[in-house]
Amino acid sequence: MTMPSPDISLPRGVSDFLPDAAAKIGFIEAKIRHVFELWGFRRIIPPKLEYEDVLTIGMGEELQGKTYRFDDRQTGRLLAFPPDITPQIARIVATRLSGWPLPHRISYSGRVLRQTEMQTGRSRELFQSGVELIGLDSPEADAEMITMAIEAMQNLGFDNFKIDLGQVEFCRGIMTASGLNGQPLRELQEAIARKDVSAVSKVLAASAVSEASRREISALPRLFGGRGVLDEAEQVVDNQRSRAALANLRQVLEILDIHGVSDHLTIDLGETRGLGYHTGITFEGFVSGLGEPVCSGGRYDNLTARYGFSAPATGFTFNVLSLLQALERRPEVEASTTRDFLLFNSRDDRREVLEVARLLRSRGYTAARDIIRREYDDSLAYARRMNIRSMLIIGDEACGEAYTAVRVRDGKRFKITKEMLLHENLVTIIEEN
């Protein structure tokens with residue numbers, strides 16, 4: 001009786017990342033991490049599992065609904081895979097770092113899991129790479145986050161990108177002054193987020209709000225663009241909460257001018273994302289060709305207090321898989337998947353080939369020895385499949401004392417001496433010869 005083959009497929013919404021994709025992800029993360037380090041941020045590595053009730057303290061309803069939970073046989077408590085890293089950072093700061101001096105400049109990079117609807121086809125995995133600046137309540141701290149995001153995107157090679165700035169207190173002030181709540185308020189926020197002027201008018205027509213509130217709310221869908229939006233907003237709003245938010249946004253913009261990054265900025269005062277979480281400046285980064293943000297962040301001054309340590313905070317995170325989608329065809333990202341040398345030994349004695357491999361690695365080159373004894377053509381095919389740029393033949397009798405370098409992409413060969421192995425641009429010489 002033939003036994004049925006086991007189902008060894010992956011769950012929907014998760015992926016294996018093979019060497020080329022993994023190399024590209026590593027390249028992107030390294031570029032981002034370099035910027036974080038230049039700004040003085042230090043990496044921490046939070047756990048992949050937490051107690052569900054502890055995570056819930058730092059999450060809103062939306063994230064709670066996307067959390068994977070399961071029983072812990074050891075304790076009987078529910079465990080969870082974190083759907084976001086920021087609540088973990090808040091817990092760590094409130095518990096493990098509470099006695100340290102402020103501010104905390106923390107960076108992180110890791111994978112999180114989120115429940116998704118099966119029909120959407122969206123990945124359940126997110127690769128997050130971000131920072132949290134905890135302990136500073138100042139426009140300069142907000143400007144630092146935005147500038148870092150811009151510098152990281154520049155470091156990745158983007159030139160056609162924008163950072164959309166918002167200020168949730170501006171929207172919050174208008175909503176609070178209107179007196180709306182419940183379903184009308186939710187419908188209004190959704191309509192404003194879509195920039196749906198007719199839907200906003202429909203909600204207002206069915207609601208009893210003052211003329212001043214009607215004027216403020218009606219303006220929200222169109223308050224986006226350049227800095228002129230701030231002047232227009234000041235002409236529209238009367239409530240002090242929104243006017244204080246505009247003043248804060250102007251302060252941040254003045255500092256961003258000093259950083260020299262203002263050309264990448266747009267303003268959206270009708271941004272309602274994060275009204276239940278953020279407490280001030282918010283921002284999202286967009287690149288050409290992608291309809292969703294590659295990074296997002298903002299101020300969240302109330303999160304660490306949920307864990308018993310009250311401190312102002314701001315931060316942002318990159319969606320690394322979105323960056324991969326935008327960057328993976330770029331030459332510098334493609335180049336990250338290559339390796340330098342495959343060493344092919346024609347002699348019975350392995351001593352020389354191992355010495356050459358050690359020499360190449362000491363010069364910073366990657367060098368893999370083809371330990372399997374096979375024909376030259378088979379080794380060359382292997383090098384091509386493994387994305388290795390050059391093959392080095394040791395013991396080619398036709399070359400005497402020299403070695404033979406092979407350019408893998410086209411099989412072109414030429415002699416090199418042992419002294420040439422010390423050349424700092426050896427791979428380039430072989431590639432361009």
# chains A, B, ... in the order shown; residues from 1 in each chain; ligands from 1
$ residues_around --residues "Arg339 in chain A" --least-positions-apart "5" --cutoff "12 Å" --atoms "only C-alpha atoms" --output "PyMOL selection string"
chain A and resi 19-20+23+334+361+364-368+383-391+408+427
$ residues_around --residues "Ser346 in chain A" --least-positions-apart "5" --cutoff "10 Å" --atoms "only C-alpha atoms" --output "ChimeraX atom specification"
/A:353,373-376,393-397
$ write_last_selection --atoms "N, CA and C atoms" --output "PDB file, in the first residue's frame"
ATOM      1  N   VAL A 353      45.672  25.338  -2.629  1.00  0.00           N
ATOM      2  CA  VAL A 353      44.355  25.940  -2.828  1.00  0.00           C
ATOM      3  C   VAL A 353      43.808  26.484  -1.514  1.00  0.00           C
ATOM      4  N   ARG A 373      35.101  16.928  -6.417  1.00  0.00           N
ATOM      5  CA  ARG A 373      35.931  16.712  -7.591  1.00  0.00           C
ATOM      6  C   ARG A 373      35.017  16.548  -8.802  1.00  0.00           C
ATOM      7  N   ARG A 374      35.062  17.495  -9.717  1.00  0.00           N
ATOM      8  CA  ARG A 374      34.229  17.423 -10.905  1.00  0.00           C
ATOM      9  C   ARG A 374      34.932  18.098 -12.066  1.00  0.00           C
ATOM     10  N   GLU A 375      34.351  17.965 -13.233  1.00  0.00           N
ATOM     11  CA  GLU A 375      34.941  18.552 -14.427  1.00  0.00           C
ATOM     12  C   GLU A 375      34.847  20.073 -14.374  1.00  0.00           C
ATOM     13  N   TYR A 376      35.750  20.708 -15.117  1.00  0.00           N
ATOM     14  CA  TYR A 376      35.802  22.174 -15.154  1.00  0.00           C
ATOM     15  C   TYR A 376      34.444  22.759 -15.550  1.00  0.00           C
ATOM     16  N   ILE A 393      41.468  28.920 -10.987  1.00  0.00           N
ATOM     17  CA  ILE A 393      41.977  27.564 -11.172  1.00  0.00           C
ATOM     18  C   ILE A 393      43.378  27.481 -10.581  1.00  0.00           C
ATOM     19  N   ILE A 394      43.555  26.543  -9.683  1.00  0.00           N
ATOM     20  CA  ILE A 394      44.853  26.282  -9.068  1.00  0.00           C
ATOM     21  C   ILE A 394      45.422  25.016  -9.701  1.00  0.00           C
ATOM     22  N   GLY A 395      46.670  25.126 -10.236  1.00  0.00           N
ATOM     23  CA  GLY A 395      47.300  23.940 -10.813  1.00  0.00           C
ATOM     24  C   GLY A 395      46.970  23.724 -12.265  1.00  0.00           C
ATOM     25  N   ASP A 396      46.676  24.773 -12.993  1.00  0.00           N
ATOM     26  CA  ASP A 396      46.478  24.663 -14.441  1.00  0.00           C
ATOM     27  C   ASP A 396      47.852  24.466 -15.083  1.00  0.00           C
ATOM     28  N   GLU A 397      48.126  23.249 -15.518  1.00  0.00           N
ATOM     29  CA  GLU A 397      49.475  22.920 -15.987  1.00  0.00           C
ATOM     30  C   GLU A 397      49.894  23.783 -17.150  1.00  0.00           C
TER      31      GLU A 397
END
$ residues_around --residues "range 273-290 of chain A" --least-positions-apart "2" --cutoff "7 Å" --atoms "only C-alpha atoms" --output "PyMOL selection string"
chain A and resi 142+160-169+271+292-301
$ write_last_selection --atoms "N, CA and C atoms" --output "compact mmCIF listing (two decimals), in the first residue's frame"
# COMPACT_ATOMS: atom_id res chain seq x y z
N ASP A 142 11.37 65.38 16.96
CA ASP A 142 10.51 65.00 15.83
C ASP A 142 11.24 65.20 14.51
N ASN A 160 13.43 59.89 -5.99
CA ASN A 160 12.05 60.34 -6.20
C ASN A 160 11.17 59.79 -5.08
N PHE A 161 11.19 60.47 -3.94
CA PHE A 161 10.36 60.04 -2.80
C PHE A 161 9.85 61.26 -2.05
N LYS A 162 8.83 61.04 -1.25
CA LYS A 162 8.24 62.11 -0.46
C LYS A 162 7.93 61.62 0.95
N ILE A 163 8.05 62.54 1.90
CA ILE A 163 7.62 62.29 3.27
C ILE A 163 6.40 63.16 3.53
N ASP A 164 5.28 62.52 3.82
CA ASP A 164 4.04 63.24 4.13
C ASP A 164 3.97 63.49 5.63
N LEU A 165 3.89 64.76 6.02
CA LEU A 165 3.82 65.14 7.43
C LEU A 165 2.38 65.43 7.83
N GLY A 166 2.02 64.96 9.01
CA GLY A 166 0.74 65.30 9.60
C GLY A 166 0.92 65.72 11.04
N GLN A 167 -0.16 66.16 11.67
CA GLN A 167 -0.14 66.51 13.09
C GLN A 167 -1.50 66.13 13.66
N VAL A 168 -1.55 64.99 14.35
CA VAL A 168 -2.85 64.46 14.75
C VAL A 168 -3.59 65.38 15.70
N GLU A 169 -2.88 66.22 16.44
CA GLU A 169 -3.56 67.15 17.35
C GLU A 169 -4.36 68.18 16.56
N GLU A 271 -4.71 64.04 7.71
CA GLU A 271 -4.29 62.67 8.00
C GLU A 271 -4.90 62.21 9.32
N GLU A 292 1.75 51.98 -1.27
CA GLU A 292 1.70 51.98 0.19
C GLU A 292 3.00 52.55 0.74
N PRO A 293 2.97 53.08 1.96
CA PRO A 293 4.19 53.69 2.51
C PRO A 293 5.28 52.66 2.77
N VAL A 294 6.53 53.10 2.59
CA VAL A 294 7.67 52.24 2.92
C VAL A 294 8.16 52.50 4.34
N CYS A 295 7.75 53.63 4.91
CA CYS A 295 8.07 53.88 6.32
C CYS A 295 6.96 54.71 6.93
N SER A 296 6.82 54.62 8.25
CA SER A 296 5.80 55.42 8.94
C SER A 296 6.22 55.58 10.38
N GLY A 297 5.76 56.68 10.98
CA GLY A 297 6.11 56.91 12.37
C GLY A 297 5.48 58.18 12.90
N GLY A 298 5.97 58.59 14.07
CA GLY A 298 5.45 59.80 14.68
C GLY A 298 5.59 59.76 16.18
N ARG A 299 5.02 60.78 16.81
CA ARG A 299 5.11 60.93 18.26
C ARG A 299 4.02 60.13 18.96
N TYR A 300 4.43 59.46 20.06
CA TYR A 300 3.48 58.65 20.86
C TYR A 300 3.86 58.79 22.33
N ASP A 301 3.43 59.84 22.96
CA ASP A 301 3.88 60.17 24.31
C ASP A 301 3.24 59.36 25.43
$ closest_residue --among "A:Val93, A:Leu55, A:Ile25, A:Leu102" --to "Leu79 in chain A" --atoms "only C-alpha atoms"
A:Leu55
$ closest_residue --among "A:Leu421, A:Phe81, A:His104, A:Glu328" --to "Ala311 in chain A" --atoms "only C-alpha atoms"
A:His104
$ select_by_dssp --residues "range 8-146 of chain A" --states "helix (DSSP H, G or I)" --output "number ranges by chain"
A: 19-38, 52-57, 61-64, 86-95, 118-120, 139-146
$ closest_residue --among "A:Ser210, A:Arg350, A:Leu38, A:Arg358" --to "Ile371 in chain A" --atoms "only C-alpha atoms"
A:Arg350
$ select_by_dssp --residues "range 55-304 of chain A" --states "strand (DSSP E or B)" --output "ChimeraX atom specification"
/A:68-71,78-81,104-113,125-134,161-167,224-225,265-268,281-287,295-299
$ closest_residue --among "A:Pro331, A:His423, A:Gln251, A:Ile372" --to "Leu360 in chain A" --atoms "only C-alpha atoms"
A:His423
$ closest_residue --among "A:Pro11, A:Pro87, A:Gly226, A:Gly76" --to "Tyr307 in chain A" --atoms "only C-alpha atoms"
A:Pro87
$ atom_distance --atom1 "CA of His259 in chain A" --atom2 "CA of Glu234 in chain A"
25.4 Å
$ atom_distance --atom1 "CA of Ala313 in chain A" --atom2 "CA of Leu133 in chain A"
5.7 Å
$ residues_around --residues "Gly13 in chain A" --least-positions-apart "4" --cutoff "8 Å" --atoms "only C-alpha atoms" --output "count of residues only"
5
$ residues_around --residues "Arg243 in chain A" --least-positions-apart "2" --cutoff "12 Å" --atoms "only C-alpha atoms" --output "ChimeraX atom specification"
/A:167-174,216,230-241,245-250,269
$ write_last_selection --atoms "C-alpha atoms" --output "PDB file, in the first residue's frame"
ATOM      1  CA  GLN A 167      -0.141  66.511  13.089  1.00  0.00           C
ATOM      2  CA  VAL A 168      -2.854  64.455  14.748  1.00  0.00           C
ATOM      3  CA  GLU A 169      -3.558  67.147  17.345  1.00  0.00           C
ATOM      4  CA  PHE A 170      -4.722  69.399  14.505  1.00  0.00           C
ATOM      5  CA  CYS A 171      -7.366  66.839  13.477  1.00  0.00           C
ATOM      6  CA  ARG A 172      -8.112  65.915  17.073  1.00  0.00           C
ATOM      7  CA  GLY A 173      -8.769  69.532  17.987  1.00  0.00           C
ATOM      8  CA  ILE A 174     -11.284  69.893  15.169  1.00  0.00           C
ATOM      9  CA  GLU A 216     -13.127  73.433   9.927  1.00  0.00           C
ATOM     10  CA  LEU A 230      -0.368  75.948   6.969  1.00  0.00           C
ATOM     11  CA  ASP A 231      -1.429  79.480   6.094  1.00  0.00           C
ATOM     12  CA  GLU A 232      -4.719  78.214   4.719  1.00  0.00           C
ATOM     13  CA  ALA A 233      -5.313  76.158   7.871  1.00  0.00           C
ATOM     14  CA  GLU A 234      -4.698  79.158  10.132  1.00  0.00           C
ATOM     15  CA  GLN A 235      -7.394  81.048   8.263  1.00  0.00           C
ATOM     16  CA  VAL A 236      -9.867  78.205   8.810  1.00  0.00           C
ATOM     17  CA  VAL A 237      -9.434  76.915  12.369  1.00  0.00           C
ATOM     18  CA  ASP A 238     -10.512  78.723  15.518  1.00  0.00           C
ATOM     19  CA  ASN A 239      -9.959  76.106  18.228  1.00  0.00           C
ATOM     20  CA  GLN A 240      -6.782  76.520  20.282  1.00  0.00           C
ATOM     21  CA  ARG A 241      -5.800  72.848  20.174  1.00  0.00           C
ATOM     22  CA  ALA A 245      -0.638  71.888  16.562  1.00  0.00           C
ATOM     23  CA  LEU A 246       0.052  74.216  13.626  1.00  0.00           C
ATOM     24  CA  ALA A 247       2.593  76.132  15.698  1.00  0.00           C
ATOM     25  CA  ASN A 248       4.320  72.857  16.604  1.00  0.00           C
ATOM     26  CA  LEU A 249       4.421  71.792  12.960  1.00  0.00           C
ATOM     27  CA  ARG A 250       5.974  75.115  11.953  1.00  0.00           C
ATOM     28  CA  LEU A 269      -3.359  68.080   7.824  1.00  0.00           C
TER      29      LEU A 269
END
$ residues_around --residues "Asn319 in chain A" --least-positions-apart "2" --cutoff "9 Å" --atoms "only C-alpha atoms" --output "MDAnalysis selection string"
chainID A and resid 126:130 293:296 317 321:324
$ write_last_selection --atoms "N, CA, C and O atoms" --output "compact mmCIF listing (two decimals), in the first residue's frame"
# COMPACT_ATOMS: atom_id res chain seq x y z
N LEU A 126 6.06 40.73 8.45
CA LEU A 126 6.62 42.05 8.18
C LEU A 126 8.05 42.07 8.68
O LEU A 126 8.35 41.57 9.77
N PHE A 127 8.93 42.61 7.87
CA PHE A 127 10.30 42.87 8.30
C PHE A 127 10.37 44.34 8.69
O PHE A 127 10.23 45.22 7.83
N GLN A 128 10.56 44.61 9.96
CA GLN A 128 10.61 45.98 10.44
C GLN A 128 12.04 46.37 10.80
O GLN A 128 12.78 45.59 11.38
N SER A 129 12.40 47.58 10.43
CA SER A 129 13.70 48.13 10.81
C SER A 129 13.44 49.58 11.20
O SER A 129 13.06 50.39 10.36
N GLY A 130 13.61 49.88 12.50
CA GLY A 130 13.20 51.21 12.94
C GLY A 130 13.95 51.69 14.16
O GLY A 130 14.90 51.05 14.63
N PRO A 293 2.97 53.08 1.96
CA PRO A 293 4.19 53.69 2.51
C PRO A 293 5.28 52.66 2.77
O PRO A 293 5.00 51.53 3.14
N VAL A 294 6.53 53.10 2.59
CA VAL A 294 7.67 52.24 2.92
C VAL A 294 8.16 52.50 4.34
O VAL A 294 8.91 51.71 4.90
N CYS A 295 7.75 53.63 4.91
CA CYS A 295 8.07 53.88 6.32
C CYS A 295 6.96 54.71 6.93
O CYS A 295 6.22 55.41 6.22
N SER A 296 6.82 54.62 8.25
CA SER A 296 5.80 55.42 8.94
C SER A 296 6.22 55.58 10.38
O SER A 296 6.94 54.75 10.94
N THR A 317 9.41 53.31 11.65
CA THR A 317 9.91 52.02 11.19
C THR A 317 9.79 51.93 9.68
O THR A 317 8.87 52.50 9.07
N LEU A 321 10.23 44.72 3.38
CA LEU A 321 9.76 44.00 2.20
C LEU A 321 9.20 44.96 1.16
O LEU A 321 9.31 44.71 -0.05
N SER A 322 8.61 46.06 1.58
CA SER A 322 8.18 47.08 0.62
C SER A 322 9.39 47.73 -0.04
O SER A 322 9.38 48.00 -1.25
N LEU A 323 10.43 47.99 0.75
CA LEU A 323 11.67 48.51 0.17
C LEU A 323 12.26 47.53 -0.83
O LEU A 323 12.75 47.92 -1.89
N LEU A 324 12.22 46.24 -0.50
CA LEU A 324 12.74 45.23 -1.41
C LEU A 324 11.98 45.26 -2.73
O LEU A 324 12.59 45.18 -3.80
$ closest_residue --among "A:Phe341, A:Phe36, A:Phe27, A:Phe224" --to "Leu426 in chain A" --atoms "only C-alpha atoms"
A:Phe341
